[in-house]
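This is entry-v3.csv. It holds CSV, C-alpha atoms.
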```csv
chain,number,residue,atom,x,y,z
A,12,MET,CA,23.8,-26.9,47.3
A,13,ALA,CA,26.8,-25.9,49.4
A,14,ASP,CA,26.2,-26.2,53.2
A,15,ASN,CA,22.6,-27.0,52.5
A,16,ASP,CA,21.7,-23.3,52.5
A,17,GLY,CA,23.3,-22.7,55.9
A,18,PHE,CA,21.8,-25.6,57.8
A,19,ASP,CA,25.1,-27.3,58.5
A,20,ALA,CA,26.6,-24.1,59.9
A,21,PHE,CA,23.4,-23.4,61.9
A,22,TYR,CA,23.5,-26.9,63.4
A,23,ALA,CA,27.1,-26.8,64.2
A,24,GLU,CA,26.9,-23.4,65.8
A,25,SER,CA,23.7,-23.9,67.9
A,26,ARG,CA,23.6,-27.6,68.9
A,27,GLN,CA,25.7,-27.2,72.1
A,28,ARG,CA,23.5,-24.4,73.4
A,29,LEU,CA,20.4,-26.4,72.6
A,30,PHE,CA,21.8,-29.5,74.3
A,31,GLU,CA,22.6,-27.6,77.4
A,32,CYS,CA,19.1,-26.2,77.5
A,33,LEU,CA,17.4,-29.5,77.0
A,34,TYR,CA,19.8,-31.3,79.4
A,35,ALA,CA,18.8,-28.8,82.1
A,36,LEU,CA,15.1,-29.2,81.3
A,37,THR,CA,15.1,-33.0,81.1
A,38,SER,CA,17.8,-33.9,83.6
A,39,ASN,CA,18.8,-36.6,81.2
A,40,ALA,CA,21.7,-36.1,78.8
A,41,ALA,CA,20.7,-39.0,76.6
A,42,GLU,CA,17.1,-37.9,76.4
A,43,ALA,CA,18.2,-34.3,75.7
A,44,GLN,CA,20.5,-35.5,72.9
A,45,ASP,CA,17.7,-37.5,71.3
A,46,VAL,CA,15.3,-34.6,71.6
A,47,ILE,CA,17.5,-32.1,70.0
A,48,GLN,CA,18.3,-34.4,67.1
A,49,GLU,CA,14.6,-34.9,66.5
A,50,ALA,CA,14.1,-31.1,66.7
A,51,TYR,CA,16.9,-30.5,64.2
A,52,ALA,CA,15.6,-33.2,61.9
A,53,ARG,CA,12.2,-31.3,62.0
A,54,ALA,CA,14.0,-28.1,61.3
A,55,TRP,CA,15.8,-29.7,58.3
A,56,GLN,CA,12.4,-30.9,57.0
A,57,ARG,CA,11.2,-27.3,56.6
A,58,TRP,CA,14.5,-25.6,56.5
A,59,SER,CA,13.5,-23.4,53.6
A,60,THR,CA,11.0,-21.8,55.9
A,61,VAL,CA,12.8,-22.0,59.2
A,62,ARG,CA,15.9,-20.4,57.9
A,63,GLY,CA,13.9,-17.3,57.1
A,64,TYR,CA,12.8,-16.8,60.6
A,65,GLY,CA,14.5,-14.1,62.5
A,66,ASP,CA,15.7,-16.6,65.1
A,67,PRO,CA,15.8,-20.1,63.8
A,68,GLU,CA,17.4,-21.3,67.0
A,69,ALA,CA,14.4,-20.1,69.0
A,70,TRP,CA,12.2,-22.2,66.7
A,71,VAL,CA,14.3,-25.3,67.2
A,72,ARG,CA,14.4,-24.7,70.9
A,73,THR,CA,10.7,-24.4,71.1
A,74,VAL,CA,10.2,-27.5,69.1
A,75,ALA,CA,12.7,-29.4,71.3
A,76,ARG,CA,10.9,-28.2,74.4
A,77,ARG,CA,7.6,-29.4,73.1
A,78,ILE,CA,9.0,-32.7,72.1
A,79,ALA,CA,10.4,-33.1,75.6
A,80,ILE,CA,7.1,-32.0,77.2
A,81,SER,CA,5.1,-34.3,75.0
A,82,ARG,CA,7.2,-37.2,76.1
A,83,TRP,CA,6.9,-36.3,79.7
A,84,ARG,CA,3.2,-36.0,79.4
A,85,ARG,CA,2.9,-39.4,77.8
A,86,ALA,CA,5.1,-40.8,80.6
A,87,ARG,CA,7.1,-42.6,78.0
A,88,ASN,CA,10.3,-40.7,78.0
A,89,ALA,CA,12.1,-43.2,80.1
A,90,VAL,CA,10.9,-46.0,77.9
A,91,PHE,CA,12.1,-44.2,74.8
A,92,ALA,CA,15.4,-43.4,76.2
A,93,HIS,CA,15.9,-46.9,77.4
A,94,ARG,CA,14.9,-48.4,74.1
A,95,ARG,CA,17.2,-46.1,72.1
A,96,ALA,CA,20.1,-45.7,74.4
A,97,GLY,CA,19.7,-47.9,77.3
A,98,PRO,CA,19.9,-46.5,80.8
A,99,PRO,CA,21.2,-42.9,80.9
A,100,PRO,CA,24.9,-43.2,80.7
A,101,PRO,CA,27.1,-41.1,82.9
A,102,ILE,CA,28.2,-37.8,81.3
A,103,PRO,CA,31.8,-37.8,80.5
A,104,GLY,CA,33.7,-36.2,83.3
A,105,PRO,CA,30.6,-34.8,85.0
A,106,ASN,CA,31.1,-31.7,86.9
A,107,PRO,CA,29.7,-32.4,90.4
A,108,ASP,CA,28.2,-29.0,90.6
A,109,THR,CA,26.4,-29.5,87.3
A,110,VAL,CA,25.1,-32.8,88.5
A,111,LEU,CA,23.8,-31.1,91.6
A,112,LEU,CA,22.2,-28.3,89.6
A,113,ILE,CA,20.6,-30.7,87.2
A,114,SER,CA,19.2,-32.7,90.1
A,115,ALA,CA,17.8,-29.6,91.8
A,116,LEU,CA,16.3,-28.3,88.5
A,117,SER,CA,14.5,-31.7,88.1
A,118,ARG,CA,12.7,-31.0,91.4
A,119,LEU,CA,11.2,-27.8,90.2
A,120,PRO,CA,7.8,-27.7,88.6
A,121,LEU,CA,8.1,-27.6,84.8
A,122,PRO,CA,7.0,-24.0,84.3
A,123,GLN,CA,9.5,-22.8,86.9
A,124,ARG,CA,12.2,-25.0,85.4
A,125,GLU,CA,11.5,-23.7,81.9
A,126,ALA,CA,11.7,-20.1,83.0
A,127,ILE,CA,14.9,-20.6,85.0
A,128,VAL,CA,16.6,-22.5,82.2
A,129,LEU,CA,15.6,-20.1,79.4
A,130,HIS,CA,16.5,-17.0,81.4
A,131,HIS,CA,19.5,-18.0,83.4
A,132,LEU,CA,21.1,-20.7,81.2
A,133,VAL,CA,20.0,-19.7,77.7
A,134,GLY,CA,20.2,-16.1,78.6
A,135,LEU,CA,16.9,-14.9,77.2
A,136,PRO,CA,15.4,-11.7,78.5
A,137,VAL,CA,12.1,-12.1,80.4
A,138,ALA,CA,10.1,-10.8,77.4
A,139,GLU,CA,11.5,-13.6,75.2
A,140,VAL,CA,11.0,-16.2,77.8
A,141,ALA,CA,7.4,-15.0,78.0
A,142,ARG,CA,7.0,-15.2,74.2
A,143,GLU,CA,8.6,-18.7,74.0
A,144,THR,CA,6.5,-20.1,76.8
A,145,GLY,CA,3.3,-18.3,75.9
A,146,VAL,CA,2.7,-16.6,79.1
A,147,ALA,CA,2.8,-13.0,80.3
A,148,PRO,CA,6.1,-11.4,81.4
A,149,GLY,CA,4.7,-11.0,84.9
A,150,THR,CA,4.1,-14.7,85.1
A,151,VAL,CA,7.6,-15.4,84.0
A,152,LYS,CA,9.0,-13.1,86.7
A,153,ALA,CA,6.9,-14.9,89.3
A,154,ARG,CA,8.1,-18.2,88.1
A,155,LEU,CA,11.7,-17.1,88.1
A,156,SER,CA,11.3,-15.8,91.6
A,157,ARG,CA,9.7,-18.9,93.0
A,158,GLY,CA,12.1,-21.1,91.0
A,159,ARG,CA,15.2,-19.3,92.3
A,160,ARG,CA,13.9,-19.5,95.8
A,161,ALA,CA,13.3,-23.2,95.5
A,162,LEU,CA,16.7,-23.8,93.9
A,163,ALA,CA,18.4,-21.9,96.6
A,164,GLU,CA,16.7,-24.1,99.2
A,165,LEU,CA,17.5,-27.3,97.3
A,166,LEU,CA,21.1,-26.3,96.8
A,167,SER,CA,21.4,-25.0,100.4
A,168,LEU,CA,22.2,-21.6,99.2
A,169,ASP,CA,21.3,-18.4,100.9
A,170,PRO,CA,17.9,-17.4,99.5
A,171,SER,CA,18.5,-13.9,100.7
A,172,GLU,CA,21.0,-13.5,97.9
A,173,ASP,CA,18.2,-13.9,95.4
A,174,SER,CA,17.8,-10.8,93.2
A,175,HIS,CA,15.0,-9.6,91.2
A,176,VAL,CA,14.9,-9.7,87.4
B,17,MET,CA,20.3,-14.5,91.4
B,18,SER,CA,23.0,-15.5,93.9
B,19,ASP,CA,26.5,-15.6,92.8
B,20,LYS,CA,26.7,-19.3,93.6
B,21,LEU,CA,23.7,-20.0,91.4
B,22,SER,CA,25.1,-17.9,88.6
B,23,THR,CA,28.3,-19.9,88.9
B,24,LEU,CA,26.5,-23.2,88.7
B,25,PHE,CA,24.7,-22.1,85.5
B,26,GLU,CA,28.0,-20.9,84.1
B,27,GLN,CA,29.5,-24.3,84.7
B,28,MET,CA,26.8,-25.9,82.8
B,29,HIS,CA,28.1,-24.4,79.6
B,30,GLY,CA,30.1,-26.9,77.8
B,31,ALA,CA,28.3,-29.9,79.3
B,32,GLN,CA,29.0,-32.7,76.9
B,33,PRO,CA,26.4,-35.1,75.6
B,34,PRO,CA,26.9,-38.8,76.3
B,35,ALA,CA,27.7,-39.5,72.7
B,36,PRO,CA,29.2,-37.2,70.0
B,37,PHE,CA,26.7,-35.0,68.3
B,38,ALA,CA,25.2,-36.5,65.2
B,39,SER,CA,26.7,-35.2,62.1
B,40,SER,CA,24.6,-32.8,60.0
B,41,ASP,CA,24.4,-35.6,57.4
B,42,GLN,CA,22.8,-37.8,60.1
B,43,VAL,CA,20.4,-35.1,61.1
B,44,ARG,CA,19.3,-34.5,57.5
B,45,SER,CA,18.9,-38.3,57.1
B,46,ARG,CA,16.7,-38.4,60.1
B,47,GLY,CA,14.7,-35.6,58.7
B,48,ARG,CA,14.3,-37.4,55.4
B,49,GLN,CA,13.3,-40.6,57.2
B,50,ARG,CA,10.8,-38.6,59.3
B,51,SER,CA,9.3,-37.2,56.1
B,52,ARG,CA,8.9,-40.6,54.7
B,53,ARG,CA,7.2,-41.9,57.9
B,54,GLN,CA,5.0,-38.9,57.9
B,55,VAL,CA,3.9,-39.5,54.4
B,56,MET,CA,3.1,-43.1,55.3
B,57,ALA,CA,1.3,-42.1,58.5
B,58,ALA,CA,-0.6,-39.4,56.9
B,59,ALA,CA,-1.6,-41.8,54.2
B,60,CYS,CA,-3.7,-43.4,56.9
B,61,ALA,CA,-5.6,-40.1,57.3
B,62,ILE,CA,-7.8,-40.6,54.3
B,63,LEU,CA,-10.3,-43.3,55.1
B,64,ALA,CA,-13.1,-44.9,53.2
B,65,VAL,CA,-16.3,-42.9,53.4
B,66,ALA,CA,-19.0,-43.9,51.0
B,67,GLY,CA,-20.8,-40.6,51.8
B,68,ALA,CA,-19.6,-37.4,53.4
B,69,GLY,CA,-20.1,-37.2,57.1
B,70,ALA,CA,-21.0,-40.8,57.3
B,71,GLY,CA,-18.2,-41.3,59.7
B,72,TRP,CA,-17.8,-44.9,58.8
B,73,ALA,CA,-18.6,-46.2,55.5
B,74,ALA,CA,-16.2,-49.0,55.5
B,75,ILE,CA,-19.0,-51.3,56.3
B,76,ARG,CA,-21.0,-52.2,53.3
B,77,PRO,CA,-24.3,-50.5,53.3
B,78,SER,CA,-26.1,-53.8,53.2
B,79,ALA,CA,-24.3,-54.7,56.4
B,80,ALA,CA,-24.6,-51.4,58.2
B,81,PRO,CA,-27.6,-52.1,60.4
B,82,PRO,CA,-27.0,-54.6,63.2
B,83,ARG,CA,-28.8,-57.8,62.4
B,84,PRO,CA,-32.0,-58.0,64.5
B,85,GLY,CA,-31.5,-60.4,67.3
B,86,THR,CA,-27.8,-60.2,67.4
B,87,SER,CA,-27.6,-57.4,69.8
B,88,VAL,CA,-26.4,-58.5,73.2
B,89,SER,CA,-26.2,-57.0,76.6
B,90,PRO,CA,-23.6,-54.3,77.1
B,91,SER,CA,-21.5,-56.6,79.3
B,92,ALA,CA,-21.2,-59.4,76.8
B,93,PRO,CA,-19.1,-59.5,73.6
B,94,PRO,CA,-20.7,-60.3,70.3
B,95,SER,CA,-21.7,-63.9,69.6
B,96,ALA,CA,-19.0,-66.2,68.3
B,97,VAL,CA,-18.7,-66.5,64.6
B,98,PRO,CA,-16.3,-68.9,62.9
B,99,THR,CA,-14.4,-66.3,61.0
B,100,GLY,CA,-11.0,-67.1,62.3
B,101,ILE,CA,-11.1,-64.1,64.6
B,102,PRO,CA,-12.0,-64.9,68.2
B,103,THR,CA,-14.8,-63.2,69.9
B,104,SER,CA,-12.3,-62.1,72.5
B,105,ALA,CA,-10.6,-59.9,69.9
B,106,LEU,CA,-13.6,-57.6,69.8
B,107,LEU,CA,-14.3,-54.9,72.3
B,108,ARG,CA,-16.9,-55.4,75.0
B,109,GLY,CA,-19.5,-53.0,76.3
B,110,PRO,CA,-17.7,-52.1,79.5
B,111,ASP,CA,-14.6,-51.2,77.4
B,112,PHE,CA,-16.4,-48.0,76.6
B,113,SER,CA,-16.0,-46.5,80.1
B,114,SER,CA,-17.5,-43.1,79.3
B,115,VAL,CA,-20.8,-44.4,77.7
B,116,GLU,CA,-23.0,-47.4,78.1
B,117,VAL,CA,-23.3,-49.1,74.8
B,118,GLU,CA,-25.2,-52.0,73.3
B,119,VAL,CA,-23.0,-54.4,71.3
B,120,GLY,CA,-24.1,-55.7,68.0
B,121,GLU,CA,-22.3,-57.8,65.5
B,122,LEU,CA,-22.7,-57.1,61.9
B,123,ASP,CA,-24.0,-59.9,59.8
B,124,ASP,CA,-21.5,-59.5,57.0
B,125,GLN,CA,-18.5,-61.4,58.3
B,126,GLY,CA,-15.7,-63.5,56.9
B,127,ALA,CA,-12.9,-62.9,54.4
B,128,ASP,CA,-15.4,-61.4,52.0
B,129,GLY,CA,-17.3,-59.6,54.8
B,130,PRO,CA,-17.0,-56.0,55.8
B,131,ASP,CA,-15.0,-53.9,53.4
B,132,TRP,CA,-11.5,-52.8,54.2
B,133,PRO,CA,-11.9,-49.8,56.5
B,134,PHE,CA,-9.7,-47.8,54.2
B,135,ALA,CA,-11.3,-48.6,50.9
B,136,GLU,CA,-11.6,-45.1,49.6
B,137,LYS,CA,-14.3,-45.7,47.1
B,138,SER,CA,-15.1,-42.0,46.7
B,139,CYS,CA,-11.6,-41.1,45.8
B,140,PRO,CA,-11.0,-41.0,42.0
B,141,GLU,CA,-7.6,-42.4,42.5
B,142,TYR,CA,-8.6,-45.4,44.6
B,143,ARG,CA,-8.2,-48.7,42.9
B,144,PRO,CA,-8.3,-51.9,45.0
B,145,ALA,CA,-5.6,-53.5,42.9
B,146,ASP,CA,-3.2,-51.0,44.3
B,147,TYR,CA,-3.4,-52.6,47.7
B,148,PRO,CA,-2.0,-56.1,47.5
B,149,SER,CA,-2.6,-57.1,51.1
B,150,LEU,CA,-6.4,-56.9,50.5
B,151,SER,CA,-6.5,-60.1,48.5
B,152,GLN,CA,-4.7,-61.8,51.3
B,153,ARG,CA,-7.2,-61.1,53.9
B,154,ARG,CA,-8.1,-64.3,55.8
B,155,SER,CA,-11.0,-63.1,57.8
B,156,ALA,CA,-12.8,-60.1,59.1
B,157,ARG,CA,-15.3,-59.4,61.8
B,158,ALA,CA,-17.2,-56.2,62.6
B,159,ALA,CA,-19.2,-55.0,65.5
B,160,THR,CA,-21.2,-51.9,66.5
B,161,TYR,CA,-21.4,-50.2,69.8
B,162,THR,CA,-24.5,-48.1,70.1
B,163,SER,CA,-25.5,-45.8,73.0
B,164,ALA,CA,-29.0,-45.0,74.0
B,165,ASP,CA,-28.8,-41.7,72.2
B,166,GLY,CA,-27.8,-43.1,68.9
B,167,TRP,CA,-24.0,-42.6,69.1
B,168,GLN,CA,-22.4,-45.5,67.4
B,169,ALA,CA,-18.9,-46.7,67.2
B,170,VAL,CA,-17.9,-49.4,64.7
B,171,GLN,CA,-15.0,-51.9,65.0
B,172,ILE,CA,-13.5,-54.1,62.3
B,173,VAL,CA,-11.0,-56.7,63.2
B,174,GLU,CA,-9.1,-58.3,60.3
B,175,ARG,CA,-6.6,-61.0,60.0
B,176,TYR,CA,-3.8,-60.9,57.4
B,177,PRO,CA,-0.9,-63.3,56.9
B,178,ASP,CA,1.2,-60.2,56.7
B,179,ALA,CA,-0.6,-57.5,58.7
B,180,GLN,CA,2.3,-55.1,58.4
B,181,ALA,CA,1.8,-55.2,54.6
B,182,ASN,CA,-1.8,-54.1,55.3
B,183,ILE,CA,-0.5,-51.2,57.4
B,184,LEU,CA,1.6,-50.2,54.4
B,185,ASP,CA,-1.4,-50.4,52.2
B,186,ILE,CA,-3.2,-48.0,54.5
B,187,GLY,CA,-0.3,-45.7,53.8
B,188,ARG,CA,-0.7,-46.1,50.1
B,189,VAL,CA,-4.3,-45.0,50.3
B,190,LEU,CA,-3.1,-41.5,51.1
B,191,ILE,CA,-0.4,-41.5,48.5
B,192,ASN,CA,-3.1,-42.1,46.0
B,193,CYS,CA,-6.0,-40.2,47.6
B,194,ARG,CA,-4.3,-37.6,49.7
B,195,ALA,CA,-7.2,-35.2,49.8
B,196,TYR,CA,-10.4,-34.8,47.9
B,197,ALA,CA,-14.0,-33.8,48.0
B,198,VAL,CA,-16.8,-36.3,47.7
B,199,PRO,CA,-19.2,-35.9,44.9
B,200,ASP,CA,-21.6,-33.7,46.8
B,201,GLY,CA,-18.8,-31.3,47.5
B,202,VAL,CA,-18.0,-32.0,51.1
B,203,GLU,CA,-14.3,-32.0,51.7
B,204,ILE,CA,-12.7,-34.8,53.6
B,205,LYS,CA,-9.8,-33.7,55.9
B,206,GLN,CA,-8.0,-36.1,58.0
B,207,THR,CA,-5.0,-35.9,60.2
B,208,VAL,CA,-2.8,-38.5,61.8
B,209,VAL,CA,-2.8,-37.4,65.4
B,210,ASP,CA,-0.4,-40.0,66.8
B,211,GLN,CA,1.2,-43.3,66.0
B,212,GLY,CA,3.1,-46.0,67.7
B,213,PHE,CA,1.3,-45.8,71.1
B,214,ALA,CA,-0.2,-49.3,71.4
B,215,GLY,CA,0.2,-52.8,70.0
B,216,ASP,CA,2.8,-53.5,67.3
B,217,ASN,CA,1.5,-50.6,65.2
B,218,SER,CA,-1.0,-48.0,66.0
B,219,LEU,CA,-2.5,-44.9,64.5
B,220,LEU,CA,-4.9,-42.3,65.8
B,221,ILE,CA,-6.6,-40.4,63.0
B,222,ARG,CA,-8.8,-37.4,63.1
B,223,LYS,CA,-11.2,-37.3,60.3
B,224,GLN,CA,-13.3,-34.3,59.4
B,225,SER,CA,-16.0,-34.7,56.8
B,226,GLY,CA,-17.6,-31.3,56.4
B,227,ARG,CA,-18.7,-30.4,60.0
B,228,ASN,CA,-18.5,-33.9,61.3
B,229,VAL,CA,-15.5,-35.1,63.2
B,230,ALA,CA,-14.6,-38.7,64.0
B,231,TYR,CA,-11.6,-40.4,65.3
B,232,LEU,CA,-10.2,-43.7,64.0
B,233,VAL,CA,-8.0,-45.9,66.1
B,234,VAL,CA,-5.9,-48.5,64.3
B,235,VAL,CA,-4.1,-51.1,66.3
B,236,ARG,CA,-2.1,-54.1,64.9
B,237,VAL,CA,-1.0,-57.0,67.1
B,238,GLY,CA,0.6,-59.8,65.2
B,239,SER,CA,-1.6,-60.8,62.3
B,240,LEU,CA,-4.7,-58.9,63.5
B,241,VAL,CA,-5.5,-55.4,62.6
B,242,SER,CA,-8.3,-53.7,64.6
B,243,THR,CA,-9.9,-50.4,63.4
B,244,LEU,CA,-12.3,-48.6,65.6
B,245,SER,CA,-14.3,-45.6,64.4
B,246,LEU,CA,-15.6,-43.2,67.1
B,247,PRO,CA,-17.8,-40.3,66.0
B,248,GLY,CA,-17.3,-37.0,67.7
B,249,ASP,CA,-14.4,-34.7,68.6
B,250,ILE,CA,-13.2,-37.0,71.3
B,251,GLU,CA,-9.5,-37.5,70.9
B,252,ASN,CA,-8.8,-38.5,74.5
B,253,GLN,CA,-11.4,-41.1,74.6
B,254,ALA,CA,-10.3,-42.5,71.2
B,255,ARG,CA,-6.7,-42.6,72.3
B,256,SER,CA,-7.7,-44.4,75.5
B,257,MET,CA,-9.3,-47.2,73.6
B,258,ALA,CA,-6.0,-48.2,71.9
B,259,GLU,CA,-4.5,-50.1,74.7
B,260,THR,CA,-7.8,-51.9,75.3
B,261,MET,CA,-8.0,-52.8,71.7
B,262,ALA,CA,-4.5,-54.2,71.8
B,263,SER,CA,-5.1,-56.2,74.9
B,264,ARG,CA,-8.2,-57.7,73.3
B,265,LEU,CA,-6.2,-58.7,70.2
B,266,ARG,CA,-3.6,-60.4,72.4
B,267,THR,CA,-6.2,-62.6,74.1
```

Just dump the structure as structure tokens.
Amino acid sequence: MADNDGFDAFYAESRQRLFECLYALTSNAAEAQDVIQEAYARAWQRWSTVRGYGDPEAWVRTVARRIAISRWRRARNAVFAHRRAGPPPPIPGPNPDTVLLISALSRLPLPQREAIVLHHLVGLPVAEVARETGVAPGTVKARLSRGRRALAELLSLDPSEDSHV
Amino acid sequence: MSDKLSTLFEQMHGAQPPAPFASSDQVRSRGRQRSRRQVMAAACAILAVAGAGAGWAAIRPSAAPPRPGTSVSPSAPPSAVPTGIPTSALLRGPDFSSVEVEVGELDDQGADGPDWPFAEKSCPEYRPADYPSLSQRRSARAATYTSADGWQAVQIVERYPDAQANILDIGRVLINCRAYAVPDGVEIKQTVVDQGFAGDNSLLIRKQSGRNVAYLVVVRVGSLVSTLSLPGDIENQARSMAETMASRLRT
């Protein structure tokens, strides 16, 4: 089966985006990498179904977010990451601004962080963020607004520059 | 969004992971390993039930009722029995924080005592010879934990020279008896809810027998395997027992 029915190409094309998304959500590059590998492994397990979805990447992203959230809730993510990869290693050539942004994102409540990352980093419209996170579009807008305001304060930016969705 | 914030998010694109991405071959391999683990874990989902909805038929019927006079106060563990499993390995009344229970030790103890909790006698495909660890069982000990309103949890602690082999045998039960209906037509549906959350091995299993739901918690520590059956749709309470079970096995 050449290219495993498109899985290899799908993986190669989407993994960077998914890593960025999970890195922003988890604030831990090693954890993000492990989470997305687990998510892609699950996608491969049921690839015959997933590939038929309109947006397989959304499926993998949702699975990855749930894996990450599950680990947070069980308060075991640090232990997992440490067991598997040791302490989080420094990101090769980290951009100081990225480090700052990741740090600020980690201070946001999870719902706001999810909304911010999915909308501003992944680039999903509000309606899709609402669908992926299972809340109403109005809730997403509120989370975005509060999240942007909090980020601006954390990053010492001018919150007056905040714009509406 | 402010320009600065937009710029910061733009700069995130291209952030590199700490190690090269796994190859697609490695991802597929992980997926296959995961499938194998799921099969083994799901294997634990089918548990022995002598009758549908019994919730716990791993105990021989003759051994089911607590022996009169063996019940002790909720704060004390069951009396010591020389089975090779210390009393301290069993749960105590106060370990059930959400309900006050009376502890009773079943009178069918020892290596030939309570049946293996996963002996799926109602399953047409179940044959004890398929599970090699069973003949190696050194000792077993069972206790009941009964509340005033009749709710009853049952625990079996077993010792095996190779307890990991017993965990594998639990997996084989599902391979041979993945799903079935008991003779009176009630379907048994069981799901592994979680694994690897306590002790050296652990499983949290939801078992549905008709309308009845029970949770089973399996924890291995060294050569001891402890299995606790808790009737009711009480996942959180069941999960919360695992660490206590593990700590009891360590003592």

At most 9 Å to chain A: residues in chain B, all atoms listed in the file, as a count of residues only: 32

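Distance-wise, CA of Asp178 (chain B) and CA of Gln49 (chain B) end up 23.0 Å apart.
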
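Here CA of Lys137 (chain B) is placed at a distance of 26.3 Å from CA of Ala258 (chain B).
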
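Between Gln253 (chain B) and the candidates B:Pro130, B:Ser113, B:Arg236, B:Ala135, the tightest atom-to-atom separation, counting all atoms listed in the file, involves B:Ser113.
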
Protein/DNA/RNA residues near (13.7, -28.2, 78.1), cut 10 Å, only C-alpha atoms, as a ChimeraX atom specification: /A:29-38,43,46-47,72-80,121,124-126,128-129

CA of Trp58 (chain A) to CA of Lys205 (chain B), straight-line distance in Å: 25.6 Å

Sel. within 10 Å of pt (-28.0, -43.6, 73.3), counting all atoms listed in the file, output as a list in words: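 Residues satisfying the cut-off, written out: Val115, Glu116, Val117, Glu118, Tyr161, Thr162, Ser163, Ala164, Asp165, Gly166, Trp167 and Gln168 of chain B.
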
List the neighbours of region 210-223 of chain B out to 6 Å using all atoms listed in the file; skip same-chain residues closer than 6 positions along the sequence, and give me the result as an mmCIF file with C-alpha atoms, in the coordinates of the input.
```
data_model
loop_
_atom_site.group_PDB
_atom_site.id
_atom_site.type_symbol
_atom_site.label_atom_id
_atom_site.label_comp_id
_atom_site.auth_asym_id
_atom_site.auth_seq_id
_atom_site.Cartn_x
_atom_site.Cartn_y
_atom_site.Cartn_z
ATOM 1 C CA ALA B 61 -5.600 -40.100 57.300
ATOM 2 C CA VAL B 229 -15.500 -35.100 63.200
ATOM 3 C CA ALA B 230 -14.600 -38.700 64.000
ATOM 4 C CA TYR B 231 -11.600 -40.400 65.300
ATOM 5 C CA LEU B 232 -10.200 -43.700 64.000
ATOM 6 C CA VAL B 233 -8.000 -45.900 66.100
ATOM 7 C CA VAL B 234 -5.900 -48.500 64.300
ATOM 8 C CA VAL B 235 -4.100 -51.100 66.300
ATOM 9 C CA ARG B 236 -2.100 -54.100 64.900
ATOM 10 C CA VAL B 237 -1.000 -57.000 67.100
ATOM 11 C CA ALA B 258 -6.000 -48.200 71.900
ATOM 12 C CA GLU B 259 -4.500 -50.100 74.700
ATOM 13 C CA ALA B 262 -4.500 -54.200 71.800
#
```
